[in-house]
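Source file: upload-v3.txt (compact mmCIF, C-alpha atoms)
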```
# COMPACT_ATOMS: atom_id res chain seq x y z
CA MET A 1 19.18 36.86 19.78
CA ASN A 2 20.24 33.77 21.74
CA ARG A 3 16.75 33.61 23.25
CA LEU A 4 15.17 33.64 19.78
CA ILE A 5 17.48 30.83 18.64
CA LEU A 6 16.56 28.77 21.69
CA LEU A 7 12.84 29.34 21.09
CA PHE A 8 13.26 28.32 17.44
CA LEU A 9 15.15 25.15 18.41
CA ALA A 10 12.50 24.32 21.01
CA LEU A 11 9.76 24.73 18.39
CA CYS A 12 11.62 22.46 15.95
CA LEU A 13 12.10 19.83 18.65
CA SER A 14 8.41 20.02 19.53
CA LEU A 15 7.42 19.44 15.90
CA VAL A 16 9.78 16.46 15.61
CA MET A 17 8.38 14.94 18.80
CA THR A 18 4.83 15.45 17.58
CA ALA A 19 5.62 13.73 14.26
CA GLN A 20 7.24 10.85 16.14
CA ASP A 21 4.20 10.54 18.42
CA ILE A 22 1.87 10.32 15.40
CA LYS A 23 4.07 7.66 13.80
CA GLU A 24 4.17 5.58 16.99
CA GLU A 25 0.40 5.94 17.43
CA PHE A 26 -0.16 4.79 13.84
CA GLU A 27 2.13 1.78 14.26
CA ASN A 28 0.49 0.68 17.51
CA VAL A 29 -3.07 1.04 16.21
CA LEU A 30 -2.23 -0.75 12.93
CA ILE A 31 -0.76 -3.73 14.78
CA GLU A 32 -3.73 -3.87 17.17
CA LYS A 33 -6.47 -3.57 14.53
CA SER A 34 -4.94 -5.98 12.03
CA ALA A 35 -4.15 -8.74 14.56
CA GLY A 36 -7.50 -10.52 14.16
CA ILE A 37 -7.90 -10.13 10.40
CA GLU A 38 -7.31 -13.24 8.28
CA THR A 39 -9.10 -12.28 5.04
CA ILE A 40 -10.26 -9.11 3.30
CA SER A 41 -12.80 -8.99 0.49
CA CYS A 42 -13.77 -5.69 -1.17
CA ARG A 43 -14.37 -3.69 -4.32
CA PHE A 44 -11.52 -1.75 -5.90
CA THR A 45 -10.93 0.83 -8.60
CA GLN A 46 -7.63 1.03 -10.44
CA VAL A 47 -6.68 4.30 -12.13
CA ARG A 48 -3.57 4.42 -14.30
CA THR A 49 -2.20 7.85 -15.23
CA MET A 50 0.44 8.26 -17.94
CA PRO A 51 1.72 11.58 -19.38
CA VAL A 52 1.60 10.08 -22.90
CA LEU A 53 -2.15 9.41 -22.61
CA ALA A 54 -4.81 12.11 -22.81
CA ASN A 55 -7.12 10.33 -20.36
CA ASP A 56 -6.64 8.11 -17.33
CA VAL A 57 -7.32 4.39 -17.73
CA ARG A 58 -9.91 3.30 -15.17
CA LYS A 59 -10.83 -0.30 -14.31
CA GLU A 60 -12.91 -1.82 -11.51
CA GLY A 61 -13.05 -5.21 -9.89
CA HIS A 62 -12.95 -7.31 -6.75
CA PHE A 63 -10.01 -7.56 -4.32
CA THR A 64 -9.30 -10.62 -2.17
CA CYS A 65 -6.49 -10.96 0.34
CA VAL A 66 -5.72 -13.99 2.51
CA ARG A 67 -3.17 -13.58 5.27
CA PRO A 68 -0.25 -13.50 5.11
CA GLY A 69 0.30 -12.84 1.42
CA ASN A 70 -2.15 -14.27 -1.12
CA ILE A 71 -3.60 -11.36 -3.10
CA LEU A 72 -6.01 -11.32 -6.04
CA LEU A 73 -7.24 -8.33 -8.01
CA ALA A 74 -9.95 -9.67 -10.33
CA PHE A 75 -11.08 -7.07 -12.88
CA GLU A 76 -14.63 -7.00 -14.20
CA ASP A 77 -13.40 -7.52 -17.78
CA GLY A 78 -11.85 -10.90 -16.92
CA ASP A 79 -8.28 -9.69 -16.45
CA TYR A 80 -6.59 -10.31 -13.12
CA ILE A 81 -3.45 -9.85 -11.04
CA LYS A 82 -2.59 -12.69 -8.66
CA LEU A 83 0.21 -12.69 -6.09
CA THR A 84 1.16 -15.67 -3.94
CA ASP A 85 4.18 -16.31 -1.73
CA THR A 86 6.36 -17.02 -4.73
CA HIS A 87 4.57 -16.16 -7.98
CA PHE A 88 2.99 -13.32 -9.89
CA LYS A 89 0.35 -14.20 -12.47
CA MET A 90 -1.48 -11.69 -14.65
CA ARG A 91 -4.08 -11.88 -17.38
CA ASN A 92 -4.21 -8.79 -19.59
CA ALA A 93 -6.34 -8.66 -22.76
CA GLY A 94 -6.27 -12.46 -23.02
CA ALA A 95 -2.50 -12.83 -22.60
CA VAL A 96 -1.31 -14.58 -19.42
CA THR A 97 2.02 -13.82 -17.76
CA ASP A 98 3.42 -16.04 -15.00
CA MET A 99 6.72 -15.31 -13.26
CA LYS A 100 8.54 -15.59 -9.97
CA ILE A 101 8.11 -12.49 -7.82
CA SER A 102 11.81 -12.55 -6.98
CA THR A 103 12.69 -11.66 -10.59
CA ASN A 104 10.95 -8.26 -10.60
CA HIS A 105 11.67 -5.45 -8.11
CA MET A 106 8.34 -3.62 -8.56
CA LEU A 107 6.42 -6.85 -7.99
CA LYS A 108 8.39 -7.56 -4.83
CA GLU A 109 7.59 -4.07 -3.53
CA LEU A 110 3.87 -4.36 -4.38
CA LYS A 111 3.64 -7.77 -2.71
CA ARG A 112 5.57 -6.64 0.36
CA ILE A 113 3.57 -3.44 0.85
CA LEU A 114 0.16 -5.10 0.44
CA SER A 115 1.16 -7.97 2.73
CA ALA A 116 2.48 -5.52 5.33
CA CYS A 117 -0.78 -3.55 5.26
CA MET A 118 -2.71 -6.78 5.73
CA THR A 119 -0.62 -8.16 8.60
CA GLY A 120 0.20 -4.86 10.32
CA ASP A 121 3.93 -5.52 9.99
CA VAL A 122 5.26 -1.96 10.12
CA ARG A 123 8.89 -3.06 9.86
CA MET A 124 8.14 -4.85 6.60
CA LEU A 125 6.13 -1.85 5.40
CA SER A 126 8.98 0.60 5.95
CA SER A 127 11.88 -1.66 4.95
CA GLY A 128 13.87 0.08 2.22
CA PHE A 129 11.85 3.29 2.60
CA GLU A 130 11.92 6.52 4.51
CA ILE A 131 8.49 6.61 6.15
CA ASP A 132 6.42 9.63 7.12
CA VAL A 133 3.00 9.49 8.83
CA GLU A 134 0.47 12.33 8.99
CA ASP A 135 -2.82 12.51 10.86
CA ALA A 136 -5.36 13.56 8.21
CA GLY A 137 -8.46 13.54 10.39
CA SER A 138 -10.45 10.42 9.49
CA PHE A 139 -7.38 8.61 8.15
CA TYR A 140 -3.61 8.33 8.43
CA GLU A 141 -1.59 9.26 5.34
CA VAL A 142 1.63 7.27 5.08
CA SER A 143 4.31 8.37 2.61
CA LEU A 144 7.06 5.95 1.62
CA LEU A 145 10.11 7.36 -0.15
CA PRO A 146 12.49 4.68 -1.46
CA LEU A 147 16.07 4.75 -0.27
CA ARG A 148 18.07 5.07 -3.47
CA ASN A 149 20.70 2.63 -2.30
CA ARG A 150 18.05 -0.12 -2.25
CA GLY A 151 17.61 -0.28 -6.03
CA ALA A 152 14.15 1.29 -6.23
CA ALA A 153 15.14 4.10 -8.62
CA GLN A 154 12.13 3.60 -10.90
CA MET A 155 9.75 4.21 -7.99
CA LYS A 156 9.34 7.80 -6.83
CA SER A 157 7.00 7.31 -3.87
CA VAL A 158 4.17 5.25 -2.41
CA ILE A 159 1.21 6.92 -0.66
CA LEU A 160 -1.19 4.97 1.55
CA HIS A 161 -4.38 6.03 3.33
CA PHE A 162 -5.50 3.98 6.34
CA GLU A 163 -9.05 4.51 7.61
CA LYS A 164 -8.82 5.15 11.35
CA GLN A 165 -11.98 3.26 12.25
CA ASP A 166 -10.60 -0.18 11.36
CA MET A 167 -7.10 0.68 9.98
CA SER A 168 -7.98 -0.86 6.63
CA LEU A 169 -6.35 0.44 3.47
CA ASP A 170 -8.51 2.93 1.57
CA LEU A 171 -6.00 4.12 -1.03
CA LEU A 172 -2.69 2.96 -2.47
CA LEU A 173 -0.82 5.25 -4.89
CA PHE A 174 2.38 4.27 -6.70
CA GLU A 175 4.25 7.15 -8.33
CA GLU A 176 7.05 6.28 -10.72
CA ALA A 177 10.05 8.44 -11.59
CA SER A 178 8.83 8.50 -15.22
CA GLY A 179 5.69 10.44 -14.20
CA ASP A 180 3.39 7.43 -14.53
CA SER A 181 1.23 6.56 -11.55
CA ILE A 182 -1.28 3.93 -10.57
CA THR A 183 -3.91 4.33 -7.85
CA TYR A 184 -6.02 1.70 -6.11
CA GLU A 185 -9.09 2.72 -4.10
CA PHE A 186 -10.71 0.08 -1.87
CA THR A 187 -14.39 0.19 -0.87
CA GLU A 188 -17.17 -2.04 0.54
CA LYS A 189 -14.67 -3.96 2.69
CA LYS A 190 -15.58 -7.20 4.45
CA PHE A 191 -13.28 -8.91 6.94
CA ASN A 192 -12.75 -12.59 7.81
CA VAL A 193 -15.12 -13.88 5.14
CA SER A 194 -14.73 -17.37 3.66
CA VAL A 195 -12.44 -17.47 0.62
CA ASP A 196 -12.26 -20.28 -1.94
CA GLU A 197 -8.71 -21.70 -1.73
CA GLU A 198 -8.86 -22.59 -5.42
CA LEU A 199 -8.43 -18.91 -6.23
CA PHE A 200 -4.75 -19.17 -5.32
CA ARG A 201 -3.85 -22.63 -6.60
```

Using structure tokens, write down the structure that the file contains.
Amino acid sequence: MNRLILLFLALCLSLVMTAQDIKEEFENVLIEKSAGIETISCRFTQVRTMPVLANDVRKEGHFTCVRPGNILLAFEDGDYIKLTDTHFKMRNAGAVTDMKISTNHMLKELKRILSACMTGDVRMLSSGFEIDVEDAGSFYEVSLLPLRNRGAAQMKSVILHFEKQDMSLDLLLFEEASGDSITYEFTEKKFNVSVDEELFR
């Protein structure tokens, strides 16, 4: 019996060490691959899922990110979401909202996570979250579960997929406690391209 217990404990320890190895490998590769990236330009698809709606709401557009934290999601219909160091600005169906990021917890989390993915700052990525990393073959799947004592009760989890080839973000999924979710898929990525500074003025 004691031998079986020891074997079980050894197996558990082996699994923990393997998970830790994968996490460390992910962190090291992310830092290395993102070090030389200053801008990202790509296509994106946003899919919003809400239990009260029969069908998902799908929108497409162009994503621009300038290190360390200027982010623009420009939708094909003219709407946009713009994040700078201090402000969030959104155009939705003709109505424009402009506010300080510091006044909204979800905006702060979105800005922090996207900026962390861009800069490879793993500490910033995992701050306030329990982080789990899995090797999914061609990509790493990172799961972020908010620590409830950090005031993120409305957010259930954040799932990220990083393509192993260049460690760029392929998928970002926000799941809310209400059952709503929003997914961003990023494709046709180009790195270190020239970006018009007027986009973020």

Worksheet item: Near segment 137-146 of chain A, within 8 Å and counting all atoms listed in the file, which residues show up once chain neighbours fewer than 2 positions away are dropped, as a list of chain:residue names?
Response: A:Phe26, A:Ser126, A:Gly128, A:Phe129, A:Glu130, A:Ile131, A:Asp132, A:Val133, A:Glu134, A:Asp135, A:Arg148, A:Arg150, A:Ala152, A:Ala153, A:Met155, A:Lys156, A:Ser157, A:Val158, A:Ile159, A:Leu160, A:His161, A:Phe162, A:Glu163, A:Lys164, A:Gln165

Dump of C-alpha atoms for the selected residues, as a PDB file, keeping the file's coordinate frame:
```pdb
ATOM      1  CA  PHE A  26      -0.160   4.790  13.840  1.00  0.00           C
ATOM      2  CA  SER A 126       8.980   0.600   5.950  1.00  0.00           C
ATOM      3  CA  GLY A 128      13.870   0.080   2.220  1.00  0.00           C
ATOM      4  CA  PHE A 129      11.850   3.290   2.600  1.00  0.00           C
ATOM      5  CA  GLU A 130      11.920   6.520   4.510  1.00  0.00           C
ATOM      6  CA  ILE A 131       8.490   6.610   6.150  1.00  0.00           C
ATOM      7  CA  ASP A 132       6.420   9.630   7.120  1.00  0.00           C
ATOM      8  CA  VAL A 133       3.000   9.490   8.830  1.00  0.00           C
ATOM      9  CA  GLU A 134       0.470  12.330   8.990  1.00  0.00           C
ATOM     10  CA  ASP A 135      -2.820  12.510  10.860  1.00  0.00           C
ATOM     11  CA  ARG A 148      18.070   5.070  -3.470  1.00  0.00           C
ATOM     12  CA  ARG A 150      18.050  -0.120  -2.250  1.00  0.00           C
ATOM     13  CA  ALA A 152      14.150   1.290  -6.230  1.00  0.00           C
ATOM     14  CA  ALA A 153      15.140   4.100  -8.620  1.00  0.00           C
ATOM     15  CA  MET A 155       9.750   4.210  -7.990  1.00  0.00           C
ATOM     16  CA  LYS A 156       9.340   7.800  -6.830  1.00  0.00           C
ATOM     17  CA  SER A 157       7.000   7.310  -3.870  1.00  0.00           C
ATOM     18  CA  VAL A 158       4.170   5.250  -2.410  1.00  0.00           C
ATOM     19  CA  ILE A 159       1.210   6.920  -0.660  1.00  0.00           C
ATOM     20  CA  LEU A 160      -1.190   4.970   1.550  1.00  0.00           C
ATOM     21  CA  HIS A 161      -4.380   6.030   3.330  1.00  0.00           C
ATOM     22  CA  PHE A 162      -5.500   3.980   6.340  1.00  0.00           C
ATOM     23  CA  GLU A 163      -9.050   4.510   7.610  1.00  0.00           C
ATOM     24  CA  LYS A 164      -8.820   5.150  11.350  1.00  0.00           C
ATOM     25  CA  GLN A 165     -11.980   3.260  12.250  1.00  0.00           C
TER      26      GLN A 165
END
```

Discussion item. Counting only C-alpha atoms, I want the residues whose atoms come within 12 Å of (-7.2, -7.0, -2.4) in the file frame, returned as a ChimeraX atom specification.
Written reply: /A:39-46,60-67,69-75,80-83,110-111,113-115,117-118,168-172,184-191

Worksheet item: Between atom CA of His87 of chain A and atom CA of Met99 of chain A, what is the distance, to one decimal in Å?
Response: 5.8 Å

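Across the structure, atom CA of Leu53 of chain A and atom CA of Asn92 of chain A are spaced 18.6 Å apart.
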
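Pairwise distance (atom CA of Met124 of chain A, atom CA of Ala177 of chain A) equals 22.6 Å.
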
Discussion item. For Thr86 of chain A, find every residue with an atom within 8 Å (counting all atoms listed in the file), except residues of its own chain fewer than 5 positions away, and show them as a ChimeraX atom specification.
Written reply: /A:100-102

Practice prompt. May I ask which of the residues A:Val47, A:Val29, A:Met90, A:Ala35 is the closest one to Leu173 of chain A, counting all atoms listed in the file?
Written response: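 Counting all atoms listed in the file, the residue closest to Leu173 of chain A is A:Val47.
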
Discussion item. Between A:Asn192, A:Thr97, A:Ser178, A:Thr183, which residue has the minimum interatomic distance to Val52 of chain A, considering all atoms listed in the file?
Written reply: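 Using all atoms listed in the file, the shortest distance to Val52 of chain A belongs to A:Ser178.
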
Worksheet item: Which residue gives the smallest distance to Asp98 of chain A among A:Thr84, A:Gln154, A:Asn28, A:Ser181, with only C-alpha atoms counted?
Response: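 The shortest atom-to-atom distance to Asp98 of chain A comes from A:Thr84.
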